[in-house]
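Trainee: After the structure tokens below, expect a handful of questions from me.
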Amino acid sequence: MATYVLVHGAWHTGELFEETAAPIRAAGHVVHLPTIAGNRPGDAKSVGLDAAISSIVDYLTEHDLSDVILAGHSYGGMVITGVADRVPDRLRRLVYWNAFVPNDGESLNDLVPPHYVTLFDGIAAASPDNGVMLPFPIWREVFINDADLELAQSTYEKLNPHPYATFTDKISLKTNPAAMQVAKSYVNCTEDTALPQSLGWHPRMSEKLGLFRLVQSPGSHELCFTNPGLLAEKIMIAGRD
Amino acid sequence: MATYVLVHGAWHTGELFEETAAPIRAAGHVVHLPTIAGNRPGDAKSVGLDAAISSIVDYLTEHDLSDVILAGHSYGGMVITGVADRVPDRLRRLVYWNAFVPNDGESLNDLVPPHYVTLFDGIAAASPDNGVMLPFPIWREVFINDADLELAQSTYEKLNPHPYATFTDKISLKTNPAAMQVAKSYVNCTEDTALPQSLGWHPRMSEKLGLFRLVQSPGSHELCFTNPGLLAEKIMIAGRD
Amino acid sequence: MATYVLVHGAWHTGELFEETAAPIRAAGHVVHLPTIAGNRPGDAKSVGLDAAISSIVDYLTEHDLSDVILAGHSYGGMVITGVADRVPDRLRRLVYWNAFVPNDGESLNDLVPPHYVTLFDGIAAASPDNGVMLPFPIWREVFINDADLELAQSTYEKLNPHPYATFTDKISLKTNPAAMQVAKSYVNCTEDTALPQSLGWHPRMSEKLGLFRLVQSPGSHELCFTNPGLLAEKIMIAGRD
């Protein structure tokens, strides 16, 4: 069976993928859920994108993982792209789940609409440590729009302030994603409005991958909370050969 | 439980939402189904947009409704936007279902492709009272494309000529929808081709709401006839806090 | 009941629609599965678009079929458009399934992104007989993305080299599709990435039909292999009056 490494998005930790990992493990696969530097309990919120990428590269090398299906969610797309650029030989396939796909020199903030940049610039300016939280109304209405209020609230309480430099740092890549030789898939949740759909994830981000496999699912940006079993199923369809 | 007011689209009446209202009532909510001035039996077809909006404002005040989840379908989006501008304190949330979202100074005809304007200008010119009917082939192929012919015909017989001035009058708003403080949701039926999808409801109309919750459903512009139970479910997901 | 004629896409034969035809026949309809000239066993791969269209016109006239629901898949959209232009009186409705919709003077290659033209020009240049095969990685990732690897491989083995002149020949039409009087439907599989979705089938091709009925389905460009029963159901919804 295969080895999956699931890389979470901003404000999340690897632990929040446990319900998604369970059915993948039940299908016989090995699943790793590292937490990116900057999102681990006690991490400094001054962490930048390079250190974030390095923390996942280090995870793969320390566990000596190979033939990995490396999946990234949202901001995690920045991270897995950087990992793929540095240790391509450890990978079998990249799976982006409503994730950013950067080319060399792009930051996450280069890929979002200006009103997000303005919002988070303001939040960061008021932060003592450059950590930024997502305001609850945005979480509730455009991130987890398919949840009821109770689930929206209980999951919000599990989030942690995100190191803002990882949004503003530009990625450095030897090879852009379209030219990477590794196989690639993109899982798109059709009700995901974390990016406005006029400027959305698919096909705007996905088509930067060049040849890629599209897998779609009903659900929001936070399907890991609202239907983790369905997400697991889609990740396995995206991850198979 | 909550109070829902469902505002129908052009050619419809409130009564045509009865099958949609039933499951919402069964879930414990109160549901009102007013008919907009101009579409009530015996109404003059010379009614304009201002009078149409006033008729729903009057309905809310006469029934002294507050904390209302106000939903509008298609042309009903023009009406609920006007209502929200006039009596915001009576509302808990706006729910647009494949509905027009006007800014100040826009008419419905400003928001549809030119071939519709040409079509209805011609029909209105031939009308004795400025009432316009939708030609059956358009109803059958792009409004109720998910029905069989029998249902397409039986529902068409329930429609009434629409007062065309409500399409040509420009709305007057103190506040545009994106700046309104009330919570907002948009229900989008993914097979709705009443507007060509290249120039469609979502995200073109929906994103004029600013921060809004997206809920999607399979089905056509006339899900109230082809699957009213599913529509009711989606309206409740859109309407909850 | 009705008479369906299903016209396959490039690299396919009529026989590959057998699993799709079975449930349509079981519903009481007559289904014909002709193979287009150039794709029949032993056909010269030098066949052009005009001969391809003629072969289906001949099929209809030889079998004296009338009141036909004529469906075309992918490249088959080029063919059924030509057939409709030549023998409109034999048709009840056109059904395009993720199919090309050409106007007079357009070739299939005029309707695809430049990287496909470059790819197939190269393959054709290396071919002894102007027949072109689709490379397996493209088949697997963007044509049959919803299959597992085994089904992707077993179906690939059933394909035949396609006569490339049918992609480069410009169609000659007396009437463009939007002006054709016959009823029209478009079945769109929402995970079809055989064309990049930024430049995709629907609404880009479909809206060239003028007034048409949209029917959507989950699935890839090759739903005839991955879920033929679902495809049959959608074709019947598209084909009914």
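Labels used: A, B, ... for chains in the order of the structure tokens, numbers from 1 for residues in each chain, and numbers from 1 for ligands as shown.
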List every residue of range 20-41 of chain A that has an atom at most 10 Å from any atom of range 145-162 of chain A, and for each one report the closest atom pair and its distance in Å to one decimal, counting only C-alpha atoms, with rows sorted by chain and then by increasing residue number, as JSON lines.

Mentor:
{"residue": "A:Gly38", "atom": "CA", "partner": "A:His162", "partner_atom": "CA", "distance": 7.0}
{"residue": "A:Asn39", "atom": "CA", "partner": "A:His162", "partner_atom": "CA", "distance": 6.6}
{"residue": "A:Arg40", "atom": "CA", "partner": "A:Asn160", "partner_atom": "CA", "distance": 8.7}
{"residue": "A:Pro41", "atom": "CA", "partner": "A:Asn160", "partner_atom": "CA", "distance": 8.6}

Trainee: Quick one: write out the picked residues with all heavy atoms as a compact mmCIF listing (two decimals), in the first residue's frame?

Mentor:
# COMPACT_ATOMS: atom_id res chain seq x y z
N GLY A 38 5.84 26.66 12.91
CA GLY A 38 5.07 27.91 13.03
C GLY A 38 3.66 27.64 13.53
O GLY A 38 3.00 28.52 14.07
N ASN A 39 3.19 26.40 13.33
CA ASN A 39 1.85 26.01 13.79
C ASN A 39 1.88 24.99 14.93
O ASN A 39 0.83 24.59 15.44
CB ASN A 39 1.01 25.46 12.62
CG ASN A 39 0.69 26.49 11.56
OD1 ASN A 39 1.22 26.45 10.46
ND2 ASN A 39 -0.16 27.45 11.91
N ARG A 40 3.10 24.56 15.32
CA ARG A 40 3.21 23.59 16.42
C ARG A 40 3.07 24.33 17.75
O ARG A 40 3.46 25.51 17.86
CB ARG A 40 4.55 22.86 16.33
CG ARG A 40 4.68 22.04 15.04
CD ARG A 40 6.09 21.50 14.82
NE ARG A 40 7.07 22.57 14.83
CZ ARG A 40 8.29 22.47 14.28
NH1 ARG A 40 8.67 21.34 13.68
NH2 ARG A 40 9.12 23.48 14.35
N PRO A 41 2.51 23.67 18.75
CA PRO A 41 2.38 24.33 20.05
C PRO A 41 3.73 24.89 20.50
O PRO A 41 4.75 24.17 20.45
CB PRO A 41 1.92 23.20 20.98
CG PRO A 41 1.26 22.21 20.08
CD PRO A 41 2.00 22.29 18.78

Trainee: Write out as number ranges by chain which residues come within 7 Å of range 43-50 of chain C when counting only C-alpha atoms, dropping same-chain ones fewer than 6 positions away.

Mentor: C: 37, 129-131, 162-163, 165-166, 169

Trainee: If we count only C-alpha atoms and set the cut-off at 8 Å, which residues sit around Gly239 in chain A, ignoring sequence neighbours fewer than 6 positions away in its own chain? Please answer as a ChimeraX atom specification.

Mentor: /A:69,93-95,185

Trainee: Using only C-alpha atoms, please write the residues we just selected to a file, as a CSV table (one decimal), in the first residue's frame.

Mentor:
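Result file is result-v1.csv:
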chain,number,residue,atom,x,y,z
A,69,ILE,CA,1.9,10.8,-1.9
A,93,ARG,CA,2.6,12.1,-6.5
A,94,LEU,CA,1.6,15.6,-5.3
A,95,VAL,CA,-2.1,16.1,-4.3
A,185,SER,CA,-3.6,15.7,-8.8

Trainee: With distances taken over only C-alpha atoms, which residue among A:Arg140, A:Arg86, A:His73, A:His12 lies nearest chain B?

Mentor: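 Among the listed residues, A:Arg140 lies closest to chain B.
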
Trainee: Determine which residues of range 4-236 of chain B DSSP labels as strand (DSSP E) from the backbone of this structure, then write them out as an NGL selection string.

Mentor: :B and (4-7 or 30-32 or 68-73 or 91-97 or 131-132 or 162-163 or 183-189 or 213-217)

Trainee: May I have the residues from that selection written out with N, CA, C and O atoms, as a CSV table (one decimal), in the first residue's frame?

Mentor:
chain,number,residue,atom,x,y,z
B,4,TYR,N,-39.3,32.3,8.3
B,4,TYR,CA,-38.9,32.5,6.9
B,4,TYR,C,-40.0,33.2,6.1
B,4,TYR,O,-41.2,32.9,6.3
B,5,VAL,N,-39.6,34.2,5.2
B,5,VAL,CA,-40.5,34.8,4.3
B,5,VAL,C,-39.9,34.5,2.9
B,5,VAL,O,-38.8,34.9,2.6
B,6,LEU,N,-40.6,33.7,2.1
B,6,LEU,CA,-40.1,33.4,0.7
B,6,LEU,C,-40.7,34.2,-0.3
B,6,LEU,O,-42.0,34.3,-0.4
B,7,VAL,N,-39.9,34.9,-1.1
B,7,VAL,CA,-40.4,35.9,-2.1
B,7,VAL,C,-40.1,35.3,-3.5
B,7,VAL,O,-39.0,35.1,-3.9
B,30,VAL,N,-41.7,28.9,11.0
B,30,VAL,CA,-42.9,29.6,10.4
B,30,VAL,C,-42.5,30.0,9.0
B,30,VAL,O,-41.4,30.6,8.9
B,31,VAL,N,-43.3,29.8,8.1
B,31,VAL,CA,-43.0,30.2,6.7
B,31,VAL,C,-44.2,31.0,6.1
B,31,VAL,O,-45.3,30.6,6.1
B,32,HIS,N,-43.8,32.2,5.6
B,32,HIS,CA,-44.8,33.1,5.0
B,32,HIS,C,-44.5,33.1,3.5
B,32,HIS,O,-43.4,33.1,3.0
B,68,VAL,N,-36.5,38.1,10.7
B,68,VAL,CA,-37.0,37.3,9.5
B,68,VAL,C,-35.8,36.9,8.7
B,68,VAL,O,-34.8,37.6,8.4
B,69,ILE,N,-35.9,35.6,8.2
B,69,ILE,CA,-35.0,35.1,7.1
B,69,ILE,C,-35.7,35.3,5.8
B,69,ILE,O,-36.7,34.7,5.6
B,70,LEU,N,-35.3,36.3,5.1
B,70,LEU,CA,-36.0,36.8,3.9
B,70,LEU,C,-35.3,36.2,2.7
B,70,LEU,O,-34.2,36.6,2.4
B,71,ALA,N,-36.0,35.3,2.0
B,71,ALA,CA,-35.4,34.7,0.8
B,71,ALA,C,-36.1,35.2,-0.5
B,71,ALA,O,-37.3,35.4,-0.5
B,72,GLY,N,-35.3,35.3,-1.5
B,72,GLY,CA,-35.9,35.8,-2.8
B,72,GLY,C,-35.4,34.9,-3.9
B,72,GLY,O,-34.2,34.6,-4.0
B,73,HIS,N,-36.2,34.6,-4.9
B,73,HIS,CA,-35.9,33.8,-6.0
B,73,HIS,C,-35.9,34.7,-7.3
B,73,HIS,O,-36.9,35.4,-7.5
B,91,LEU,N,-34.9,42.1,9.8
B,91,LEU,CA,-34.3,41.0,9.2
B,91,LEU,C,-33.2,40.3,10.0
B,91,LEU,O,-32.4,41.0,10.6
B,92,ARG,N,-33.1,39.0,9.9
B,92,ARG,CA,-32.0,38.2,10.5
B,92,ARG,C,-31.0,37.8,9.4
B,92,ARG,O,-29.8,37.8,9.6
B,93,ARG,N,-31.4,37.5,8.2
B,93,ARG,CA,-30.6,37.1,7.1
B,93,ARG,C,-31.3,37.2,5.8
B,93,ARG,O,-32.5,37.0,5.7
B,94,LEU,N,-30.6,37.5,4.8
B,94,LEU,CA,-31.1,37.5,3.4
B,94,LEU,C,-30.6,36.2,2.7
B,94,LEU,O,-29.4,35.8,2.9
B,95,VAL,N,-31.5,35.5,2.0
B,95,VAL,CA,-31.1,34.3,1.3
B,95,VAL,C,-31.6,34.6,-0.2
B,95,VAL,O,-32.8,34.7,-0.5
B,96,TYR,N,-30.6,34.6,-1.1
B,96,TYR,CA,-30.9,34.8,-2.5
B,96,TYR,C,-30.8,33.4,-3.1
B,96,TYR,O,-29.8,32.7,-2.9
B,97,TRP,N,-31.9,33.0,-3.8
B,97,TRP,CA,-31.8,31.7,-4.5
B,97,TRP,C,-31.8,32.0,-6.0
B,97,TRP,O,-32.9,32.4,-6.6
B,131,GLY,N,-48.0,43.7,-19.4
B,131,GLY,CA,-47.7,42.3,-18.8
B,131,GLY,C,-47.0,41.5,-19.9
B,131,GLY,O,-47.3,41.6,-21.1
B,132,VAL,N,-46.0,40.7,-19.4
B,132,VAL,CA,-45.2,39.9,-20.4
B,132,VAL,C,-45.2,38.4,-19.9
B,132,VAL,O,-45.1,38.1,-18.8
B,162,HIS,N,-46.2,38.8,-16.2
B,162,HIS,CA,-45.4,39.6,-15.3
B,162,HIS,C,-45.4,41.1,-15.6
B,162,HIS,O,-45.3,41.5,-16.8
B,163,PRO,N,-45.6,42.0,-14.6
B,163,PRO,CA,-45.6,43.4,-14.9
B,163,PRO,C,-44.2,43.9,-15.3
B,163,PRO,O,-43.3,43.9,-14.5
B,183,ALA,N,-26.7,39.5,7.6
B,183,ALA,CA,-26.1,38.3,7.1
B,183,ALA,C,-26.7,37.9,5.7
B,183,ALA,O,-27.9,38.2,5.5
B,184,LYS,N,-25.9,37.3,4.9
B,184,LYS,CA,-26.4,37.0,3.5
B,184,LYS,C,-25.9,35.6,3.1
B,184,LYS,O,-24.8,35.2,3.4
B,185,SER,N,-26.8,34.9,2.4
B,185,SER,CA,-26.5,33.6,1.8
B,185,SER,C,-26.9,33.6,0.3
B,185,SER,O,-27.9,34.4,-0.1
B,186,TYR,N,-26.3,32.8,-0.5
B,186,TYR,CA,-26.7,32.6,-1.9
B,186,TYR,C,-26.8,31.1,-2.2
B,186,TYR,O,-25.9,30.4,-2.0
B,187,VAL,N,-28.0,30.7,-2.6
B,187,VAL,CA,-28.2,29.3,-3.0
B,187,VAL,C,-28.2,29.3,-4.5
B,187,VAL,O,-28.9,30.0,-5.2
B,188,ASN,N,-27.2,28.5,-5.0
B,188,ASN,CA,-27.0,28.4,-6.5
B,188,ASN,C,-27.3,27.0,-7.0
B,188,ASN,O,-26.7,26.0,-6.6
B,189,CYS,N,-28.3,26.9,-7.9
B,189,CYS,CA,-28.6,25.6,-8.5
B,189,CYS,C,-27.7,25.5,-9.7
B,189,CYS,O,-27.6,26.3,-10.6
B,213,ARG,N,-22.5,33.5,2.4
B,213,ARG,CA,-22.4,32.0,2.5
B,213,ARG,C,-23.0,31.4,1.2
B,213,ARG,O,-24.1,31.6,0.8
B,214,LEU,N,-22.1,30.6,0.5
B,214,LEU,CA,-22.6,29.9,-0.7
B,214,LEU,C,-23.1,28.5,-0.3
B,214,LEU,O,-22.5,27.7,0.4
B,215,VAL,N,-24.3,28.2,-0.8
B,215,VAL,CA,-24.9,26.8,-0.7
B,215,VAL,C,-25.2,26.5,-2.2
B,215,VAL,O,-25.9,27.3,-2.9
B,216,GLN,N,-24.8,25.3,-2.6
B,216,GLN,CA,-25.2,24.9,-4.0
B,216,GLN,C,-26.1,23.6,-4.0
B,216,GLN,O,-26.1,22.8,-3.0
B,217,SER,N,-26.8,23.5,-5.0
B,217,SER,CA,-27.7,22.3,-5.2
B,217,SER,C,-27.7,21.9,-6.6
B,217,SER,O,-27.7,22.8,-7.5

Trainee: For a quick test of understanding: name the residues of chain B lying within 7 Å of chain C when counting only C-alpha atoms, and present them as a list in words.

Mentor: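 Using only C-alpha atoms, chain B residues at most 7 Å from chain C: Glu141, Val142, Asn145, Leu149, Glu191, Gln197 and Ser198 of chain B.
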
Trainee: Hey, can you spit out that residue selection with C-alpha atoms as a PDB file, in the first residue's frame?

Mentor:
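Ended up saving to part-v5.pdb:
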ATOM      1  CA  GLU B 141     -35.351  24.330 -22.166  1.00  0.00           C
ATOM      2  CA  VAL B 142     -33.585  26.807 -19.869  1.00  0.00           C
ATOM      3  CA  ASN B 145     -34.582  21.822 -17.970  1.00  0.00           C
ATOM      4  CA  LEU B 149     -42.395  17.571 -20.586  1.00  0.00           C
ATOM      5  CA  GLU B 191     -27.966  23.443 -13.751  1.00  0.00           C
ATOM      6  CA  GLN B 197     -23.879  30.339 -17.356  1.00  0.00           C
ATOM      7  CA  SER B 198     -21.123  32.389 -18.997  1.00  0.00           C
TER       8      SER B 198
END

Trainee: So how far away is CA of Gly219 in chain A from CA of Leu223 in chain C, in Å?

Mentor: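 Atom-to-atom, CA of Leu223 in chain C and CA of Gly219 in chain A are spaced 22.4 Å apart.
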
Trainee: Within 10 Å of Ser66 in chain B, counting only C-alpha atoms, which residues show up once you throw out same-chain ones fewer than 5 positions away? Write them as a list in words, please.

Mentor: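 Result of the neighbour search: Ala2, Thr3, Leu60, Thr61, Val87, Pro88, Asp89, Arg90, Leu91 and Arg92 of chain B.
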
Trainee: So which bits of range 86-236 of chain A end up alpha helix (DSSP H) when you DSSP the backbone, as an MDAnalysis selection string?

Mentor: chainID A and resid 86 114:125 136:138 149:156 165:168 223:226 228:236

Trainee: For the selection just defined, write its residues with C-alpha atoms to a file, as a compact mmCIF listing (two decimals), in the first residue's frame.

Mentor:
# COMPACT_ATOMS: atom_id res chain seq x y z
CA ARG A 86 13.85 20.20 -2.91
CA PRO A 114 -6.48 42.44 -2.39
CA HIS A 115 -9.14 42.59 0.32
CA TYR A 116 -7.54 39.62 2.08
CA VAL A 117 -4.10 41.25 1.96
CA THR A 118 -5.53 44.45 3.43
CA LEU A 119 -7.35 42.50 6.14
CA PHE A 120 -4.34 40.45 7.22
CA ASP A 121 -1.90 43.34 6.94
CA GLY A 122 -4.08 45.11 9.48
CA ILE A 123 -4.31 42.10 11.77
CA ALA A 124 -0.55 41.54 11.59
CA ALA A 125 0.16 45.18 12.36
CA PHE A 136 -14.74 34.17 12.94
CA PRO A 137 -17.34 35.64 10.51
CA ILE A 138 -15.05 34.80 7.58
CA LEU A 149 -23.01 27.00 13.80
CA GLU A 150 -22.00 24.59 16.55
CA LEU A 151 -19.43 22.81 14.37
CA ALA A 152 -18.21 26.14 13.03
CA GLN A 153 -17.58 27.32 16.59
CA SER A 154 -16.05 24.11 17.96
CA THR A 155 -13.59 23.83 15.07
CA TYR A 156 -12.68 27.52 15.24
CA ALA A 165 5.60 35.84 7.15
CA THR A 166 4.66 32.54 5.46
CA PHE A 167 1.99 34.52 3.54
CA THR A 168 4.26 37.41 2.59
CA LEU A 223 -14.30 19.29 4.38
CA CYS A 224 -11.76 17.81 6.84
CA PHE A 225 -14.26 18.81 9.55
CA THR A 226 -17.60 18.65 7.75
CA PRO A 228 -13.67 13.82 6.63
CA GLY A 229 -14.73 10.42 5.27
CA LEU A 230 -15.61 11.93 1.91
CA LEU A 231 -12.36 13.88 1.87
CA ALA A 232 -10.42 10.69 2.59
CA GLU A 233 -12.13 8.98 -0.32
CA LYS A 234 -11.30 11.84 -2.70
CA ILE A 235 -7.68 11.97 -1.55
CA MET A 236 -7.31 8.26 -2.28

Trainee: Which of these, B:Asp67, B:Asp192, B:Asp110, B:Glu62, has the shortest distance to Ser220 in chain B once you count only C-alpha atoms?

Mentor: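 Using only C-alpha atoms, Ser220 in chain B sits closest to B:Asp192.
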